[in-house]
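As stored in upload-v7.txt (compact mmCIF, C-alpha atoms):
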# COMPACT_ATOMS: atom_id res chain seq x y z
CA ASP A 28 54.94 -49.39 78.59
CA ALA A 29 56.49 -46.01 77.80
CA GLY A 30 54.38 -43.66 75.77
CA VAL A 31 55.60 -41.06 73.30
CA THR A 32 58.14 -38.70 74.81
CA GLN A 33 59.30 -35.31 73.56
CA SER A 34 61.97 -32.87 74.62
CA PRO A 35 62.26 -30.13 75.54
CA THR A 36 58.88 -29.16 76.96
CA HIS A 37 59.30 -25.47 76.30
CA LEU A 38 61.75 -23.48 74.22
CA ILE A 39 62.28 -19.78 73.63
CA LYS A 40 64.31 -18.66 70.62
CA THR A 41 64.85 -15.44 68.69
CA ARG A 42 64.22 -14.82 65.02
CA GLY A 43 66.86 -16.28 62.74
CA GLN A 44 68.01 -18.93 65.19
CA GLN A 45 67.82 -22.68 64.67
CA VAL A 46 66.07 -25.23 66.87
CA THR A 47 66.08 -29.02 67.26
CA LEU A 48 63.18 -30.90 68.83
CA ARG A 49 63.34 -34.56 69.81
CA CYS A 50 60.86 -37.42 69.97
CA SER A 51 60.91 -41.04 71.06
CA PRO A 52 57.99 -43.13 69.81
CA LYS A 53 55.86 -45.48 71.82
CA SER A 54 57.39 -48.89 72.47
CA GLY A 55 56.75 -51.16 69.50
CA HIS A 56 56.09 -48.32 67.05
CA ASP A 57 58.32 -47.63 64.08
CA THR A 58 56.87 -44.52 62.45
CA VAL A 59 57.08 -40.92 63.61
CA SER A 60 55.01 -38.03 62.29
CA TRP A 61 55.48 -34.38 63.18
CA TYR A 62 52.70 -31.80 63.41
CA GLN A 63 52.57 -28.07 64.10
CA GLN A 64 49.63 -26.70 66.06
CA ALA A 65 49.08 -22.96 66.16
CA LEU A 66 46.83 -21.51 68.86
CA GLY A 67 43.17 -22.21 68.17
CA GLN A 68 43.90 -24.45 65.17
CA GLY A 69 44.09 -28.16 64.55
CA PRO A 70 47.50 -29.80 64.11
CA GLN A 71 49.06 -29.41 60.65
CA PHE A 72 51.12 -32.27 59.21
CA ILE A 73 54.80 -31.47 58.67
CA PHE A 74 56.32 -34.81 57.66
CA GLN A 75 56.51 -38.51 58.46
CA TYR A 76 59.51 -40.80 58.94
CA TYR A 77 59.79 -44.55 58.55
CA GLU A 78 62.93 -46.65 58.15
CA GLU A 79 64.99 -43.46 58.55
CA GLU A 80 63.46 -41.92 55.43
CA GLU A 81 61.02 -39.07 54.98
CA ARG A 82 57.94 -40.79 53.54
CA GLN A 83 55.52 -37.91 53.18
CA ARG A 84 55.69 -34.18 53.59
CA GLY A 85 53.10 -31.51 54.19
CA ASN A 86 53.09 -27.95 52.93
CA PHE A 87 56.04 -26.67 54.94
CA PRO A 88 59.17 -24.92 53.62
CA ASP A 89 62.61 -26.52 53.45
CA ARG A 90 63.54 -24.72 56.66
CA PHE A 91 61.80 -27.63 58.32
CA SER A 92 63.84 -30.81 58.16
CA GLY A 93 63.99 -34.02 60.10
CA HIS A 94 65.77 -37.21 60.82
CA GLN A 95 64.96 -40.64 62.14
CA PHE A 96 67.50 -42.81 63.93
CA PRO A 97 67.86 -46.59 63.90
CA ASN A 98 66.12 -46.79 67.29
CA TYR A 99 63.08 -45.07 65.66
CA SER A 100 63.52 -41.82 67.57
CA SER A 101 63.31 -38.65 65.54
CA GLU A 102 64.39 -35.02 65.40
CA LEU A 103 62.70 -31.99 63.90
CA ASN A 104 64.98 -29.13 62.89
CA VAL A 105 63.80 -25.65 62.03
CA ASN A 106 66.26 -23.13 60.58
CA ALA A 107 66.01 -19.36 60.28
CA LEU A 108 63.16 -19.13 62.76
CA LEU A 109 60.30 -16.73 62.04
CA LEU A 110 57.80 -15.29 64.50
CA GLY A 111 55.14 -17.40 62.77
CA ASP A 112 56.94 -20.59 63.78
CA SER A 113 55.74 -20.08 67.33
CA ALA A 114 53.47 -23.06 68.00
CA LEU A 115 53.06 -26.37 69.77
CA TYR A 116 55.08 -29.04 67.96
CA LEU A 117 53.66 -32.49 68.28
CA CYS A 118 55.21 -35.84 67.58
CA ALA A 119 52.96 -38.82 66.86
CA SER A 120 53.98 -42.44 66.74
CA SER A 121 52.34 -45.32 64.89
CA LEU A 122 53.00 -48.57 63.10
CA TRP A 123 53.81 -48.44 59.40
CA GLY A 124 51.80 -50.34 56.88
CA LEU A 125 48.22 -51.06 56.04
CA ALA A 126 47.25 -52.39 59.43
CA VAL A 127 43.59 -51.66 60.03
CA TYR A 128 44.13 -50.07 63.39
CA ASN A 129 46.96 -47.76 62.36
CA GLU A 130 46.33 -45.17 65.00
CA GLN A 131 48.65 -42.27 65.81
CA PHE A 132 49.46 -41.42 69.42
CA PHE A 133 50.77 -38.02 70.36
CA GLY A 134 53.52 -37.01 72.73
CA PRO A 135 53.13 -34.11 75.18
CA GLY A 136 54.50 -31.63 72.64
CA THR A 137 57.14 -28.92 72.66
CA ARG A 138 55.96 -25.34 73.01
CA LEU A 139 58.20 -23.14 70.86
CA THR A 140 58.13 -19.38 71.28
CA VAL A 141 60.02 -17.22 68.79
CA LEU A 142 60.72 -13.65 69.89
CA GLN B 12 36.65 -25.46 51.04
CA LYS B 13 38.51 -26.82 54.04
CA GLU B 14 39.37 -30.52 53.93
CA VAL B 15 37.91 -31.23 57.37
CA GLU B 16 35.30 -28.94 58.88
CA GLN B 17 33.99 -28.73 62.41
CA ASN B 18 31.78 -26.24 64.17
CA SER B 19 34.13 -24.30 66.43
CA GLY B 20 31.55 -23.96 69.19
CA PRO B 21 31.57 -23.62 72.05
CA LEU B 22 28.98 -26.34 72.47
CA SER B 23 27.49 -26.09 75.94
CA VAL B 24 25.58 -29.01 77.45
CA PRO B 25 24.37 -29.68 81.01
CA GLU B 26 25.91 -32.44 83.05
CA GLY B 27 24.32 -35.81 82.25
CA ALA B 28 23.17 -34.78 78.77
CA ILE B 29 24.29 -36.16 75.41
CA ALA B 30 26.88 -34.07 73.56
CA SER B 31 26.86 -34.39 69.78
CA LEU B 32 29.94 -33.31 67.83
CA ASN B 33 29.98 -33.24 64.06
CA CYS B 34 32.60 -33.27 61.32
CA THR B 35 32.48 -33.22 57.52
CA TYR B 36 35.30 -34.00 55.12
CA SER B 37 35.83 -33.21 51.48
CA ASP B 38 37.98 -36.08 50.12
CA ARG B 39 35.90 -39.13 49.16
CA GLY B 40 39.09 -41.23 49.20
CA SER B 41 39.34 -40.86 52.97
CA GLN B 42 39.63 -44.22 54.69
CA SER B 43 40.21 -43.72 58.39
CA PHE B 44 38.54 -41.38 60.84
CA PHE B 45 39.59 -40.41 64.33
CA TRP B 46 38.39 -38.34 67.25
CA TYR B 47 40.94 -36.78 69.58
CA ARG B 48 40.29 -34.93 72.83
CA GLN B 49 42.58 -32.05 73.74
CA TYR B 50 42.54 -30.35 77.12
CA SER B 51 43.80 -26.79 77.28
CA GLY B 52 47.60 -26.70 77.18
CA LYS B 53 47.87 -30.45 76.56
CA SER B 54 48.42 -32.65 73.52
CA PRO B 55 45.65 -34.51 71.64
CA GLU B 56 44.52 -37.83 73.09
CA LEU B 57 42.99 -40.47 70.82
CA ILE B 58 39.53 -41.47 72.03
CA MET B 59 37.87 -43.15 69.02
CA SER B 60 38.73 -44.52 65.60
CA ILE B 61 36.26 -45.69 62.97
CA TYR B 62 36.79 -47.19 59.52
CA SER B 63 33.42 -48.57 58.36
CA ASN B 64 30.02 -47.03 57.89
CA GLY B 65 27.80 -47.24 60.94
CA ASP B 66 28.26 -46.85 64.66
CA LYS B 67 31.11 -47.82 66.95
CA GLU B 68 30.63 -47.67 70.70
CA ASP B 69 33.24 -47.50 73.45
CA GLY B 70 31.93 -46.77 76.92
CA ARG B 71 30.17 -43.40 76.92
CA PHE B 72 31.46 -42.60 73.42
CA THR B 73 29.84 -43.52 70.10
CA ALA B 74 31.41 -42.66 66.75
CA GLN B 75 29.20 -42.61 63.68
CA LEU B 76 30.43 -42.69 60.08
CA ASN B 77 28.50 -42.05 56.87
CA LYS B 78 30.89 -42.15 53.91
CA ALA B 79 28.15 -41.37 51.38
CA SER B 80 27.43 -38.09 53.17
CA GLN B 81 31.13 -37.58 54.10
CA TYR B 82 30.11 -37.13 57.70
CA VAL B 83 31.54 -38.29 61.02
CA SER B 84 30.09 -37.65 64.43
CA LEU B 85 30.91 -38.30 68.06
CA LEU B 86 28.27 -38.74 70.73
CA ILE B 87 29.18 -38.45 74.39
CA ARG B 88 26.53 -39.87 76.70
CA ASP B 89 26.12 -38.81 80.34
CA SER B 90 28.44 -35.84 79.78
CA GLN B 91 30.64 -34.91 82.73
CA PRO B 92 32.44 -31.63 83.52
CA SER B 93 35.69 -33.56 82.93
CA ASP B 94 34.62 -33.98 79.27
CA SER B 95 35.04 -30.22 78.80
CA ALA B 96 37.79 -29.96 76.18
CA THR B 97 38.39 -29.36 72.48
CA TYR B 98 37.44 -32.31 70.29
CA LEU B 99 39.45 -32.73 67.09
CA CYS B 100 38.23 -34.71 64.10
CA ALA B 101 41.02 -36.20 61.96
CA VAL B 102 40.86 -37.96 58.62
CA SER B 103 43.40 -40.10 56.76
CA MET B 104 43.27 -41.17 53.13
CA GLU B 105 45.19 -44.35 53.63
CA TYR B 106 45.99 -46.40 56.68
CA GLY B 107 49.16 -45.02 58.21
CA ASN B 108 49.06 -41.87 56.15
CA LYS B 109 49.08 -38.30 57.37
CA LEU B 110 46.21 -37.07 59.45
CA VAL B 111 44.24 -34.03 58.32
CA PHE B 112 42.61 -32.28 61.26
CA GLY B 113 39.68 -30.00 61.65
CA ALA B 114 40.08 -26.89 63.81
CA GLY B 115 38.22 -28.56 66.66
CA THR B 116 34.98 -28.04 68.59
CA ILE B 117 35.10 -26.65 72.11
CA LEU B 118 32.78 -28.58 74.43
CA ARG B 119 31.70 -27.18 77.78
CA VAL B 120 29.79 -29.38 80.20
CA LYS B 121 28.04 -27.36 82.90
CA SER B 122 27.47 -28.84 86.32

Turn the structure described in the file into structure tokens.
Amino acid sequence: DAGVTQSPTHLIKTRGQQVTLRCSPKSGHDTVSWYQQALGQGPQFIFQYYEEEERQRGNFPDRFSGHQFPNYSSELNVNALLLGDSALYLCASSLWGLAVYNEQFFGPGTRLTVL
Amino acid sequence: QKEVEQNSGPLSVPEGAIASLNCTYSDRGSQSFFWYRQYSGKSPELIMSIYSNGDKEDGRFTAQLNKASQYVSLLIRDSQPSDSATYLCAVSMEYGNKLVFGAGTILRVKS
């Protein structure tokens, strides 16, 4: 049973560039959430996708956008990169709905460094 | 006031002892509560979830929830050096909703 996968593992970009991160959820899951984790902090919620629509969004600017594909995989796009965007980007997969055990499982993350 | 608060630590315990990790949250509408373990340089790993007041045990781990006091805790019995990690408390208002994390507590188990 494949777990959550993310690519790439590491990425180095310069200020002003654009980046795309990818995520495939755990087998059987249909919902993908993206989080940003700065060093020494807990993950911060960016947004969540279900049925190819953004369902909820955290306090992040429009430079952060996403997409979900029919196979439930997802992309996170960040435009006009700033130094402060350097962080670990985490994808979490889960099942949509009011299921009692609606737990989120994280992928290995993508470490983004902006120079 | 932060939505989810944890003592940053580090919390140091000797091998074989009980480690007690605490978390408070501000939103009384919170429904689901989770503990994640994160090793340095790795992603968070879900170790416990709890939804009702009281205790929930899984192996060496016990999660405790008190919604009236807005308090969640994690007990690790017979602590091992391999338990040394950052423990993240996460709270969700509705099932399937976004997770709000605390900053994490660093646990160090000394052999």

If you count all atoms listed in the file, which residues fall within 12 Å of Pro55 (chain B), apart from same-chain ones fewer than 5 positions away, as a PyMOL selection string? (chain A and resi 62+64+69-70+115-119+131-136) or (chain B and resi 45-50+96-101+112+115)

Residues of chain A within 12 Å of chain B, counting all atoms listed in the file - could you list those as number ranges by chain? A: 30-33, 36-37, 56-77, 82-86, 114-138

For the atom pair CA of Val120 (chain B) and CA of Lys13 (chain B), what is the interatomic distance in Å to one decimal place?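 Distance between the two atoms: 27.7 Å.
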
Please give the centre and size of the box around region 94-111 of chain B (axis-aligned, containing every atom listed in the file, 5 Å added per side), with values in Å to one decimal and written as JSON.
{"center_x": 41.9, "center_y": -37.9, "center_z": 66.2, "size_x": 24.5, "size_y": 27.0, "size_z": 36.1}

Would you kindly return, as JSON, numbers by chain, each protein, DNA or RNA residue with an atom no farther than 10 Å from any atom of Leu38 (chain A), considering only C-alpha atoms and excluding same-chain residues fewer than 6 positions away? {"A": [46, 47, 48, 113, 137, 138, 139, 140, 141]}
